[in-house]
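Enquirer: The file below is query.pdb, PDB, C-alpha atoms:
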MODEL        1
ATOM      1  CA  MET A   1     -10.285   2.727  -0.414  1.00  0.00           C
ATOM      2  CA  LEU A   2      -9.091  -0.639   0.850  1.00  0.00           C
ATOM      3  CA  LEU A   3      -9.092   0.250   4.537  1.00  0.00           C
ATOM      4  CA  GLU A   4     -12.581   1.765   4.293  1.00  0.00           C
ATOM      5  CA  GLU A   5     -13.782  -1.413   2.556  1.00  0.00           C
ATOM      6  CA  ILE A   6     -12.458  -3.481   5.453  1.00  0.00           C
ATOM      7  CA  ALA A   7     -14.172  -1.171   7.972  1.00  0.00           C
ATOM      8  CA  ASP A   8     -17.453  -1.516   6.024  1.00  0.00           C
ATOM      9  CA  ALA A   9     -17.042  -5.305   5.952  1.00  0.00           C
ATOM     10  CA  VAL A  10     -16.684  -5.278   9.752  1.00  0.00           C
ATOM     11  CA  LEU A  11     -19.956  -3.348  10.064  1.00  0.00           C
ATOM     12  CA  ASP A  12     -21.696  -5.742   7.653  1.00  0.00           C
ATOM     13  CA  GLY A  13     -20.380  -8.824   9.454  1.00  0.00           C
ATOM     14  CA  ARG A  14     -18.341  -9.966   6.435  1.00  0.00           C
ATOM     15  CA  ARG A  15     -14.796  -9.086   7.554  1.00  0.00           C
ATOM     16  CA  LYS A  16     -13.561 -12.684   7.450  1.00  0.00           C
ATOM     17  CA  GLU A  17     -14.892 -13.244   3.908  1.00  0.00           C
ATOM     18  CA  HIS A  18     -13.526  -9.907   2.685  1.00  0.00           C
ATOM     19  CA  LEU A  19     -10.050 -10.602   4.076  1.00  0.00           C
ATOM     20  CA  LEU A  20     -10.119 -14.071   2.523  1.00  0.00           C
ATOM     21  CA  HIS A  21     -10.938 -12.477  -0.835  1.00  0.00           C
ATOM     22  CA  LEU A  22      -8.114  -9.927  -0.451  1.00  0.00           C
ATOM     23  CA  ALA A  23      -5.710 -12.721   0.434  1.00  0.00           C
ATOM     24  CA  THR A  24      -6.429 -14.621  -2.787  1.00  0.00           C
ATOM     25  CA  VAL A  25      -6.294 -11.824  -5.375  1.00  0.00           C
ATOM     26  CA  PRO A  26      -3.187 -12.584  -7.500  1.00  0.00           C
ATOM     27  CA  LEU A  27      -2.005  -8.938  -7.486  1.00  0.00           C
ATOM     28  CA  LEU A  28      -3.278  -6.436  -4.931  1.00  0.00           C
ATOM     29  CA  ILE A  29      -2.402  -2.808  -5.690  1.00  0.00           C
ATOM     30  CA  ILE A  30      -2.638  -0.367  -2.809  1.00  0.00           C
ATOM     31  CA  ASP A  31      -2.133   3.042  -4.409  1.00  0.00           C
ATOM     32  CA  ASP A  32      -1.293   6.316  -2.636  1.00  0.00           C
ATOM     33  CA  LEU A  33      -1.198   5.025   0.935  1.00  0.00           C
ATOM     34  CA  GLY A  34      -1.555   7.936   3.312  1.00  0.00           C
ATOM     35  CA  MET A  35      -3.112  10.445   0.961  1.00  0.00           C
ATOM     36  CA  ARG A  36      -6.409  10.367   2.878  1.00  0.00           C
ATOM     37  CA  LYS A  37      -7.197  10.289   6.571  1.00  0.00           C
ATOM     38  CA  LEU A  38      -6.906   6.684   7.721  1.00  0.00           C
ATOM     39  CA  PRO A  39      -9.228   4.828  10.114  1.00  0.00           C
ATOM     40  CA  SER A  40      -7.906   4.102  13.608  1.00  0.00           C
ATOM     41  CA  THR A  41      -7.629   0.396  12.724  1.00  0.00           C
ATOM     42  CA  ALA A  42      -5.555   1.068   9.569  1.00  0.00           C
ATOM     43  CA  ALA A  43      -2.266  -0.405  10.833  1.00  0.00           C
ATOM     44  CA  GLU A  44      -3.846  -3.603  12.165  1.00  0.00           C
ATOM     45  CA  ASP A  45      -6.022  -4.099   9.080  1.00  0.00           C
ATOM     46  CA  LEU A  46      -3.210  -3.471   6.632  1.00  0.00           C
ATOM     47  CA  LEU A  47      -0.884  -5.769   8.589  1.00  0.00           C
ATOM     48  CA  GLU A  48      -3.481  -8.538   8.517  1.00  0.00           C
ATOM     49  CA  VAL A  49      -3.911  -8.203   4.748  1.00  0.00           C
ATOM     50  CA  ILE A  50      -0.138  -8.291   4.202  1.00  0.00           C
ATOM     51  CA  MET A  51       0.293 -11.249   6.589  1.00  0.00           C
ATOM     52  CA  ARG A  52      -2.387 -13.245   4.767  1.00  0.00           C
ATOM     53  CA  ARG A  53      -0.749 -12.502   1.403  1.00  0.00           C
ATOM     54  CA  TYR A  54       2.857 -12.992   2.576  1.00  0.00           C
ATOM     55  CA  GLU A  55       4.682 -15.479   0.316  1.00  0.00           C
ATOM     56  CA  ARG A  56       1.378 -16.368  -1.376  1.00  0.00           C
ATOM     57  CA  ALA A  57       0.499 -13.458  -3.664  1.00  0.00           C
ATOM     58  CA  SER A  58       1.973 -10.230  -5.021  1.00  0.00           C
ATOM     59  CA  THR A  59       1.275  -6.842  -3.475  1.00  0.00           C
ATOM     60  CA  LEU A  60       2.224  -3.477  -4.896  1.00  0.00           C
ATOM     61  CA  LEU A  61       2.043  -0.521  -2.538  1.00  0.00           C
ATOM     62  CA  THR A  62       2.643   3.106  -3.504  1.00  0.00           C
ATOM     63  CA  SER A  63       2.926   6.122  -1.247  1.00  0.00           C
ATOM     64  CA  ASN A  64       4.211   9.671  -1.406  1.00  0.00           C
ATOM     65  CA  ARG A  65       5.005   9.418   2.287  1.00  0.00           C
ATOM     66  CA  PRO A  66       8.486   8.344   3.407  1.00  0.00           C
ATOM     67  CA  VAL A  67       8.569   4.929   5.057  1.00  0.00           C
ATOM     68  CA  GLU A  68       9.988   6.564   8.183  1.00  0.00           C
ATOM     69  CA  ASP A  69       6.636   8.367   8.640  1.00  0.00           C
ATOM     70  CA  TRP A  70       4.420   5.280   8.293  1.00  0.00           C
ATOM     71  CA  GLY A  71       4.418   4.514  12.033  1.00  0.00           C
ATOM     72  CA  LYS A  72       2.986   7.934  12.807  1.00  0.00           C
ATOM     73  CA  LEU A  73       0.746   7.886   9.732  1.00  0.00           C
ATOM     74  CA  LEU A  74      -0.809   4.518  10.622  1.00  0.00           C
ATOM     75  CA  GLY A  75      -0.671   5.088  14.372  1.00  0.00           C
ATOM     76  CA  ASP A  76       1.115   1.855  15.313  1.00  0.00           C
ATOM     77  CA  THR A  77       4.881   1.630  14.948  1.00  0.00           C
ATOM     78  CA  ALA A  78       5.039  -2.062  15.916  1.00  0.00           C
ATOM     79  CA  ALA A  79       2.430  -3.062  13.317  1.00  0.00           C
ATOM     80  CA  VAL A  80       4.193  -1.000  10.651  1.00  0.00           C
ATOM     81  CA  ALA A  81       7.526  -2.665  11.501  1.00  0.00           C
ATOM     82  CA  ALA A  82       5.914  -6.108  11.082  1.00  0.00           C
ATOM     83  CA  LEU A  83       4.209  -5.013   7.850  1.00  0.00           C
ATOM     84  CA  LEU A  84       7.459  -3.671   6.386  1.00  0.00           C
ATOM     85  CA  ASP A  85       9.336  -6.795   7.474  1.00  0.00           C
ATOM     86  CA  ARG A  86       7.005  -8.917   5.344  1.00  0.00           C
ATOM     87  CA  MET A  87       6.803  -6.461   2.437  1.00  0.00           C
ATOM     88  CA  LEU A  88      10.564  -6.056   2.184  1.00  0.00           C
ATOM     89  CA  HIS A  89      11.513  -9.723   2.694  1.00  0.00           C
ATOM     90  CA  HIS A  90      11.012 -10.618  -0.973  1.00  0.00           C
ATOM     91  CA  GLY A  91      10.168  -7.117  -2.171  1.00  0.00           C
ATOM     92  CA  HIS A  92      11.711  -4.461  -4.328  1.00  0.00           C
ATOM     93  CA  VAL A  93      11.715  -0.780  -3.434  1.00  0.00           C
ATOM     94  CA  LEU A  94      11.520   1.752  -6.238  1.00  0.00           C
ATOM     95  CA  LYS A  95      12.163   5.276  -5.014  1.00  0.00           C
ATOM     96  CA  CYS A  96      11.231   7.896  -7.570  1.00  0.00           C
ATOM     97  CA  GLY A  97      12.587  10.879  -5.666  1.00  0.00           C
ATOM     98  CA  PRO A  98      11.006  14.132  -4.594  1.00  0.00           C
ATOM     99  CA  ARG A  99       9.755  15.055  -8.074  1.00  0.00           C
ATOM    100  CA  SER A 100       6.589  13.529  -9.463  1.00  0.00           C
ATOM    101  CA  TRP A 101       7.292  10.659 -11.849  1.00  0.00           C
ATOM    102  CA  ARG A 102       4.569  11.988 -14.166  1.00  0.00           C
ATOM    103  CA  THR A 103       6.203  15.428 -14.245  1.00  0.00           C
ATOM    104  CA  LYS A 104       9.648  13.949 -14.830  1.00  0.00           C
ATOM    105  CA  VAL A 105       8.455  11.849 -17.772  1.00  0.00           C
ATOM    106  CA  GLN A 106       6.655  14.849 -19.322  1.00  0.00           C
ATOM    107  CA  THR A 107       9.752  17.052 -18.922  1.00  0.00           C
ATOM    108  CA  ASP A 108      12.002  14.365 -20.434  1.00  0.00           C
ATOM    109  CA  LEU A 109       9.646  13.934 -23.417  1.00  0.00           C
ATOM    110  CA  ARG A 110       9.530  17.698 -24.007  1.00  0.00           C
ATOM    111  CA  ALA A 111      13.337  17.873 -23.932  1.00  0.00           C
ATOM    112  CA  GLU A 112      13.596  15.009 -26.447  1.00  0.00           C
ATOM    113  CA  THR A 113      11.037  16.666 -28.734  1.00  0.00           C
ATOM    114  CA  ALA A 114      12.855  20.016 -28.596  1.00  0.00           C
ATOM    115  CA  ALA A 115      16.209  18.373 -29.281  1.00  0.00           C
ATOM    116  CA  GLY A 116      14.905  16.143 -32.077  1.00  0.00           C
TER
ENDMDL
END
Translate this file's structure into structure tokens.
Expert:
Amino acid sequence: MLLEEIADAVLDGRRKEHLLHLATVPLLIIDDLGMRKLPSTAAEDLLEVIMRRYERASTLLTSNRPVEDWGKLLGDTAAVAALLDRMLHHGHVLKCGPRSWRTKVQTDLRAETAAG
């Protein structure tokens, strides 16, 4: 997990190098944000990654949690507001709804097969 990797890099004394690496990856995918317990530094670390990448590289972030809950989830409403400000400035939001996208696609394919 990205945030655990950053915490490990802090312990190993390589935080600066690790963040530099994360800042230069052409496409960073952060999948399922909030599905696991997050470290206490999650908001600050994630904000720093997004700030370093802002207007320089692409970032894709997925979460089953509503954006309104991210302040509580990450434990820092101000950091989450700054993070979302940067993510949404040039970003696109795709909301798939309450049903799983995987389930929806499977159901649609079954309906097409039955009809065809």
Enquirer: Choose the residue, out of A:Arg65, A:Glu112, A:Arg52, A:Thr59, that has the smallest atom-to-atom separation from Pro98 (chain A); count all atoms listed in the file.
Expert: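 Checking each candidate against Pro98 (chain A), we get A:Arg65 as the closest.
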Enquirer: Which is closest to Arg56 (chain A) among A:Gly91, A:Pro26, A:Gly97, A:Gly13, if we use only C-alpha atoms?
Expert: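 Among the listed residues, the smallest separation from Arg56 (chain A) belongs to A:Pro26.
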Enquirer: Once the PyMOL selection byres ((chain A and resi 76-82) around 9) is applied to the coordinates I shared, what remains selected? I want it as a ChimeraX atom specification.
Expert: /A:42-44,46-47,51,70-75,83-87
Enquirer: Quick one, how far is CA of Ser63 (chain A) from CA of Asp31 (chain A)?
Expert: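 Going from CA of Ser63 (chain A) over to CA of Asp31 (chain A) covers 6.7 Å.
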Enquirer: Would you be able to write out as a compact mmCIF listing (two decimals) with C-alpha atoms, in the coordinates of the input which residues have an atom within 8 Å of (-4.4, -2.1, -5.8) in the file's coordinates, counting all atoms listed in the file?
Expert:
# COMPACT_ATOMS: atom_id res chain seq x y z
CA LEU A 27 -2.00 -8.94 -7.49
CA LEU A 28 -3.28 -6.44 -4.93
CA ILE A 29 -2.40 -2.81 -5.69
CA ILE A 30 -2.64 -0.37 -2.81
CA ASP A 31 -2.13 3.04 -4.41
CA THR A 59 1.27 -6.84 -3.48
CA LEU A 60 2.22 -3.48 -4.90
CA LEU A 61 2.04 -0.52 -2.54
